[in-house]
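Since the structure comes first, as structure tokens, the remarks are kept for the end.
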Amino acid sequence: MLGIIVGIITIAGLLTLSFGVRDSITESINGLGANLITVLPGNIEEGGFGAQFGASTLTERDVQAVRDRVPQVHNLSVMMFVNGTIAANGNELAGGIILGATAGVEYAFNLSLDDGRLIQNRDDADRTRVAVIGATTAEELFGMRNPVGQDITVRSQPFKIIGVLEEIDAGASFGGPDMNRMVILPLATAWELTNTHQIDRIIMQAPDPETIDTFKAEVEEAILEGHNGEDDFSVLTQDDLAGMVGEILNMITAFIGAIAGISLFVGGIGIMNIMLVTVSERTREIGIRKAIGATRIAILTQFLIESIILTGIAGGTAILFFSAVVALVAPHSPIPLSVDPQVVILALLFSGGVGIVFGLIPAWQASKKEPLEALRSE
Amino acid sequence: MIHLTETFKQYGVGPAAFFALRDATLTINRGELVSILGPSGSGKSTLMNLMGALDRPTLGTVSVDGQDLGRMDDRTLAAFRNRKVGFVFQQFNLLPHLTALENVILPLTYADIKVDRKKYGREMLEYFGIGHRAHHKPSQMSGGEQQRVALARALICDPDVILADEPTGNLDSVTGAYVFDMFTLLNRLGKTVVIITHDEHLAERTQRIIRIRDGKIIA
């Protein structure tokens, strides 16, 4: 019985968490901006996540190829992640992220300006030492003061802050950094600082959602040409991102689900043993029922139902306990948690199913008892 | 209406095997009030079990109302036990966790008859003078009351045949007399009644006595 309760709680918890994470991530992804096409180095489908570290396969030539082939895309911006420390007034920013980016980065991440201005093309051209900082960066390094016009040190180099971003509702950020802790530099400046021309992202917007897949294909073609047909990069839409997240979630869910399944199985065996004992203790009753006209099926059904009730109670208890836990935890949870009716129904179905499967053998045994012998027992 | 033809019943296997019933041939006509009389272990209960389809013969035929019980499948046998025959046992054999009413109407549930079961059950209990016990469990009733519930249950599907195995064995003489009177009444109403007993006096009050000893019918 306990095994079933534990198993059901695990499954319910798993599903709820998975829904919650999925919702949260979908929210994040959709909050990024509309109709985004993202190009990353490394072929994600062949496990190319590793290519995220080390030299990128994307080049300026790729950027130009895209611009030439699909001039209709909007707000194309190019980015590079930079390693280094961020400091101001002698204080270092913990968990800070440095991003080198061209003008238009605000569209890629749906950024809003709180004060000052954003990176513009002239900054890139002139390789000016300016920076736009995120809301948390501003708060932690400058407190209540307005950071615009202040100095900030990036990789031990002085930069002038030209803009501060509004705070972004982070949620569970996937595939991207915590924007609030960012410092954005002009891309050319970042290249100068690091002495490379590394490109980690090319992000653009398709003109409308209907044709986004066509544009995605065109972008792929454009870059493929320049790479001599070598598919060492990935082009993703938000749907793709969401899909990938979904796949990973599914795998994790399936794995833990399997473990929960073991718990249910063990619980089921327990139920079967309980029912076997019950049947043997009620042999006389079975004999009496058969003597007054019960068919085998009637006896089978009777005990099967008892088994289902047992597991149903276990499942119901699990759901109640689980709902209580969710009610307690949800207000403090970073991801949205709620008791989805689908989960409840699934849990009840599972527990009923266990009842049927593991109650079948005892019920079958009960139905096979000969009335005379049964009457003689005890 | 009940015919046994050269019927044998063997229990056990190999060296432990024995015949509870040997070469039994008898006929009980419709509407008879018959007793089967014999000492303990004579095979009288075996006879009743065969007549009531609680058991199958090893050899020979048992037929009731023209139906050969040996040829029936489980479902038909269950229906037979439900509608054609009503059992009354020495130990009452009521279900302990059900009330008197629930016990009485149980055969109706298995018969899948569409009738107001509770109403019918209550009437049946009233008829036997225990209507006030409808919601009591067997443990809350006396032996006599329990046997009356058992009687009511045996009759609820209006069977043609009543088979009673030592029905007064666990009852005091007054209640026992009452129960026997009920059998007589039911017989007059047209039911075929077969009573198993080892009590000579009881047997003498029936219309016919079938004597049995060591598995053989002797009269």
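Note on naming: chains are A, B, ... as they come in the structure tokens, residues start from 1 per chain, ligands start from 1 in the order shown.
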
Find the spatial neighbours of stretch 62-64 of chain A, counting only C-alpha atoms, within a cut-off of 8 Å - ignore same-chain residues fewer than 6 positions away - and output them as a VMD selection string. chain A and resid 78 202 222 to 223 226

Would you output that residue set with N, CA and C atoms, as a compact mmCIF listing (two decimals), in the first residue's frame?
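Result saved to result-v4.txt:
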# COMPACT_ATOMS: atom_id res chain seq x y z
N VAL A 78 24.75 40.63 -33.82
CA VAL A 78 25.81 39.63 -33.68
C VAL A 78 26.37 39.75 -32.27
N ILE A 202 24.26 34.73 -33.76
CA ILE A 202 23.69 35.68 -34.71
C ILE A 202 22.18 35.58 -34.53
N ALA A 222 22.47 30.00 -46.56
CA ALA A 222 23.47 31.06 -46.69
C ALA A 222 24.76 30.70 -45.97
N ILE A 223 24.63 30.21 -44.76
CA ILE A 223 25.82 29.89 -43.97
C ILE A 223 26.46 28.60 -44.46
N GLY A 226 29.01 29.07 -47.20
CA GLY A 226 30.29 29.57 -46.74
C GLY A 226 31.09 28.53 -45.96

Mind checking which residues fall within 12 Å of B:Leu189, counting only C-alpha atoms, ignoring those fewer than 4 positions away in the same chain, and posting them as a ChimeraX atom specification? /B:30-33,158-161,182-185,193

Store the residues of this selection in a file with C-alpha atoms, as a PDB file, in the first residue's frame.
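Listing of again35.pdb after writing:
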ATOM      1  CA  ARG B  30     -42.236 -33.354  -7.271  1.00  0.00           C
ATOM      2  CA  GLY B  31     -43.998 -32.148  -4.175  1.00  0.00           C
ATOM      3  CA  GLU B  32     -42.668 -34.858  -1.880  1.00  0.00           C
ATOM      4  CA  LEU B  33     -41.431 -34.227   1.631  1.00  0.00           C
ATOM      5  CA  ASP B 158     -38.734 -19.197  -5.367  1.00  0.00           C
ATOM      6  CA  PRO B 159     -36.949 -22.489  -6.001  1.00  0.00           C
ATOM      7  CA  ASP B 160     -38.751 -25.745  -6.717  1.00  0.00           C
ATOM      8  CA  VAL B 161     -36.558 -27.745  -4.383  1.00  0.00           C
ATOM      9  CA  MET B 182     -42.023 -24.326   8.076  1.00  0.00           C
ATOM     10  CA  PHE B 183     -40.738 -27.144   5.905  1.00  0.00           C
ATOM     11  CA  THR B 184     -44.058 -28.879   6.161  1.00  0.00           C
ATOM     12  CA  LEU B 185     -45.859 -25.687   5.209  1.00  0.00           C
ATOM     13  CA  VAL B 193     -38.401 -30.733   0.323  1.00  0.00           C
TER      14      VAL B 193
END

Please report, as CSV, each residue of chain B lying at most 12 Å from chain A, together with the nearest pair of atoms and the separation in Å rounded to one decimal; use only C-alpha atoms, and order rows by chain and ascending residue number.
residue,atom,partner,partner_atom,distance
B:Tyr11,CA,A:Glu373,CA,11.5
B:Ser45,CA,A:Leu372,CA,10.8
B:Thr46,CA,A:Leu372,CA,9.9
B:Met48,CA,A:Leu372,CA,11.2
B:Asn49,CA,A:Leu372,CA,7.8
B:Leu50,CA,A:Leu372,CA,10.2
B:Gly52,CA,A:Ala291,CA,8.6
B:Ala53,CA,A:Ala291,CA,8.6
B:Leu54,CA,A:Leu372,CA,5.8
B:Asp55,CA,A:Leu372,CA,6.6
B:Arg56,CA,A:Leu372,CA,10.1
B:Asp73,CA,A:Thr295,CA,10.6
B:Asp74,CA,A:Thr295,CA,7.2
B:Arg75,CA,A:Thr295,CA,5.9
B:Thr76,CA,A:Thr295,CA,8.8
B:Leu77,CA,A:Gly293,CA,8.0
B:Ala78,CA,A:Gly293,CA,4.6
B:Ala79,CA,A:Gly293,CA,5.7
B:Phe80,CA,A:Gly293,CA,7.2
B:Arg81,CA,A:Gly293,CA,5.0
B:Asn82,CA,A:Gly293,CA,3.9
B:Arg83,CA,A:Gly293,CA,7.6
B:Lys84,CA,A:Gly293,CA,9.8
B:Val85,CA,A:Ile292,CA,8.4
B:Gly86,CA,A:Ile292,CA,7.3
B:Phe87,CA,A:Ile292,CA,7.5
B:Val88,CA,A:Ile292,CA,10.2
B:Phe89,CA,A:Ile288,CA,10.1
B:Gln90,CA,A:Leu375,CA,11.7
B:Gln91,CA,A:Leu375,CA,10.3
B:Phe92,CA,A:Ile288,CA,10.0
B:Asn93,CA,A:Ile288,CA,6.5
B:Leu94,CA,A:Ile288,CA,7.7
B:Leu95,CA,A:Glu285,CA,6.5
B:Pro96,CA,A:Glu285,CA,8.8
B:His97,CA,A:Glu285,CA,10.1
B:Leu98,CA,A:Glu285,CA,11.1
B:Asn103,CA,A:Arg289,CA,10.0
B:Val104,CA,A:Ile292,CA,10.4
B:Ile105,CA,A:Ile292,CA,10.5
B:Leu106,CA,A:Ile292,CA,8.0
B:Pro107,CA,A:Ile292,CA,5.7
B:Leu108,CA,A:Gly293,CA,9.1
B:Thr109,CA,A:Ala294,CA,8.8
B:Tyr110,CA,A:Ala294,CA,5.6
B:Ala111,CA,A:Gly293,CA,7.4
B:Asp112,CA,A:Ala294,CA,10.6
B:Ala150,CA,A:Ile292,CA,10.7
B:Leu151,CA,A:Ile292,CA,11.9
B:Arg153,CA,A:Ile292,CA,8.6
B:Ala154,CA,A:Ile292,CA,7.8
B:Leu155,CA,A:Ile292,CA,10.5
B:Ile156,CA,A:Ile292,CA,10.3
B:Cys157,CA,A:Ile292,CA,9.7
B:Pro159,CA,A:Ile292,CA,11.0
B:Ile162,CA,A:Ile292,CA,12.0
B:Leu163,CA,A:Ala291,CA,11.5

So which bits of stretch 233-302 of chain A end up strand (DSSP E or B) when you DSSP the backbone, as a CSV table (one decimal) with C-alpha atoms, in the first residue's frame?
chain,number,residue,atom,x,y,z
A,233,PHE,CA,26.2,25.3,-36.8
A,234,SER,CA,22.6,25.4,-35.8
A,235,VAL,CA,19.7,27.6,-36.7
A,236,LEU,CA,16.9,27.6,-34.3
A,237,THR,CA,13.5,29.3,-33.9

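Surrounding stretch 138-152 of chain A within 6 Å are Ala88, Pro158, Phe159, Lys160, Ile161, Ile162 and Gly163 of chain A, with only C-alpha atoms counted and residues fewer than 5 positions along the same chain left out.
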
Save out the residues we just selected, C-alpha atoms, as a PDB file, in the first residue's frame.
ATOM      1  CA  ALA A  88      33.157  49.452 -10.159  1.00  0.00           C
ATOM      2  CA  PRO A 158      37.808  51.345 -17.993  1.00  0.00           C
ATOM      3  CA  PHE A 159      34.446  51.803 -19.722  1.00  0.00           C
ATOM      4  CA  LYS A 160      31.857  54.565 -19.594  1.00  0.00           C
ATOM      5  CA  ILE A 161      28.288  53.545 -18.828  1.00  0.00           C
ATOM      6  CA  ILE A 162      25.921  54.938 -21.430  1.00  0.00           C
ATOM      7  CA  GLY A 163      22.745  53.107 -20.559  1.00  0.00           C
TER       8      GLY A 163
END

Shortest interatomic distance to A:Phe81 - which of A:Gly31, A:Pro362, A:Gly7, A:Pro186, counting only C-alpha atoms: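 Of A:Gly31, A:Pro362, A:Gly7, A:Pro186, the one nearest A:Phe81 is A:Pro186, counting only C-alpha atoms.
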
For B:Glu204, list every protein, DNA or RNA residue within 10 Å, evaluated using only C-alpha atoms, and leave out those in the same chain fewer than 4 positions away; present the list as a VMD selection string. chain B and resid 34 to 35 37 199 to 200 208 to 209

The selected residues should be written to file as a PDB file, in the first residue's frame (atoms: C-alpha atoms).
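Written file, selection.pdb:
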ATOM      1  CA  VAL B  34     -38.589 -36.707   1.965  1.00  0.00           C
ATOM      2  CA  SER B  35     -35.925 -37.335   4.567  1.00  0.00           C
ATOM      3  CA  LEU B  37     -31.699 -40.820   7.207  1.00  0.00           C
ATOM      4  CA  ASP B 199     -32.664 -38.048  13.894  1.00  0.00           C
ATOM      5  CA  GLU B 200     -35.140 -40.905  13.542  1.00  0.00           C
ATOM      6  CA  ARG B 208     -40.929 -40.961   3.023  1.00  0.00           C
ATOM      7  CA  ILE B 209     -37.620 -42.004   4.493  1.00  0.00           C
TER       8      ILE B 209
END
